[in-house]
Amino acid sequence: LLKVTIIPRSSGALGFAQYLPKEINLRTEEQIMDIVSMALAGRAAEEIFFNRVTTGASDDLKRVTEIVYSTIQVYGMNSRLGQLAFPKDPNAMFDERPYSDATAMAMDEEAKTIVDAAYQRTLDMLRERKEEVQKVANLLLDKETITHDDMIDLIGARPFVGDPQYEEFVKKRQADKESEKEKEQKKKEAEEADNANSGGDMGPMNPGLA
């Protein structure tokens with residue numbers, strides 16, 4: 001995570017989050033489910049903190065639906081459907097599909113089961129971390145835009161090891177912060193030295209009129 005803001009970018013967009021680009025060509029089922037849970041976090045937060053939901057999660061739900069159906073129809077990651085793939089044909093008619101109604105029903109049932117489980121996992125996680133979520137929300141209301149460093153200062157570092165790209169980013173950020181602090185310290189010491197010199201050397205007294 002690089003930055004989060006609640007400043008709208010356009011009509012209908014209530015803010016956005018910016019992440020490090022990831023050069024990942026392959027994902028495991030566990031990694032995909034983590035993405036699904038993350039996408040469901042906004043809807044889950046509404047339910048936990050406001051006891052009601054809004055249309056704000058519509059784009060997230062669309063993304064979740066696409067991802068989950070891909071695990072079933074394209075990646076062969078569902079035990080009930082097995083090692084089968086039914087990629088979408090852009091040239092196919094609306095009701096044209098290479099599988100039966102029974103298979104379509106099984107896909108729908110499995111998709112709902114997967115999303116329900118991911119949503120419950122997200123609810124449990126946010127309830128467990130409710131205090132931290134509230135802190136982040138309050139900081140966003142106060143600053144409108146917060147960065148990775150703000151998050152670390154507020155709730156601490158990740159409790160797990162990130163991918164190499166993230167770890168490299170964190171190390172670079174720490175090195176940059178240390179370098180900035182060192183520059184500020186040297187600047188402060190130079191200013192103090194200048195002030196001491198100007199205060200101790202009044203220069204020659206010029207004669208004046210009495």
# chains A, B, ... in the order shown; residues from 1 in each chain; ligands from 1
call {"tool": "residues_around", "arguments": {"residues": "Val74 (chain A)", "least_positions_apart": "3", "cutoff": "8 Å", "atoms": "only C-alpha atoms", "output": "MDAnalysis selection string"}}
result
chainID A and resid 69:71 84:87
call {"tool": "select_by_dssp", "arguments": {"residues": "region 54-125 of chain A", "states": "helix (DSSP H, G or I)", "output": "VMD selection string"}}
result
chain A and resid 55 to 73 101 to 125
call {"tool": "closest_residue", "arguments": {"among": "A:Lys171, A:Arg27, A:Arg43, A:Arg52", "to": "Ile67 (chain A)", "atoms": "only C-alpha atoms"}}
result
A:Arg27
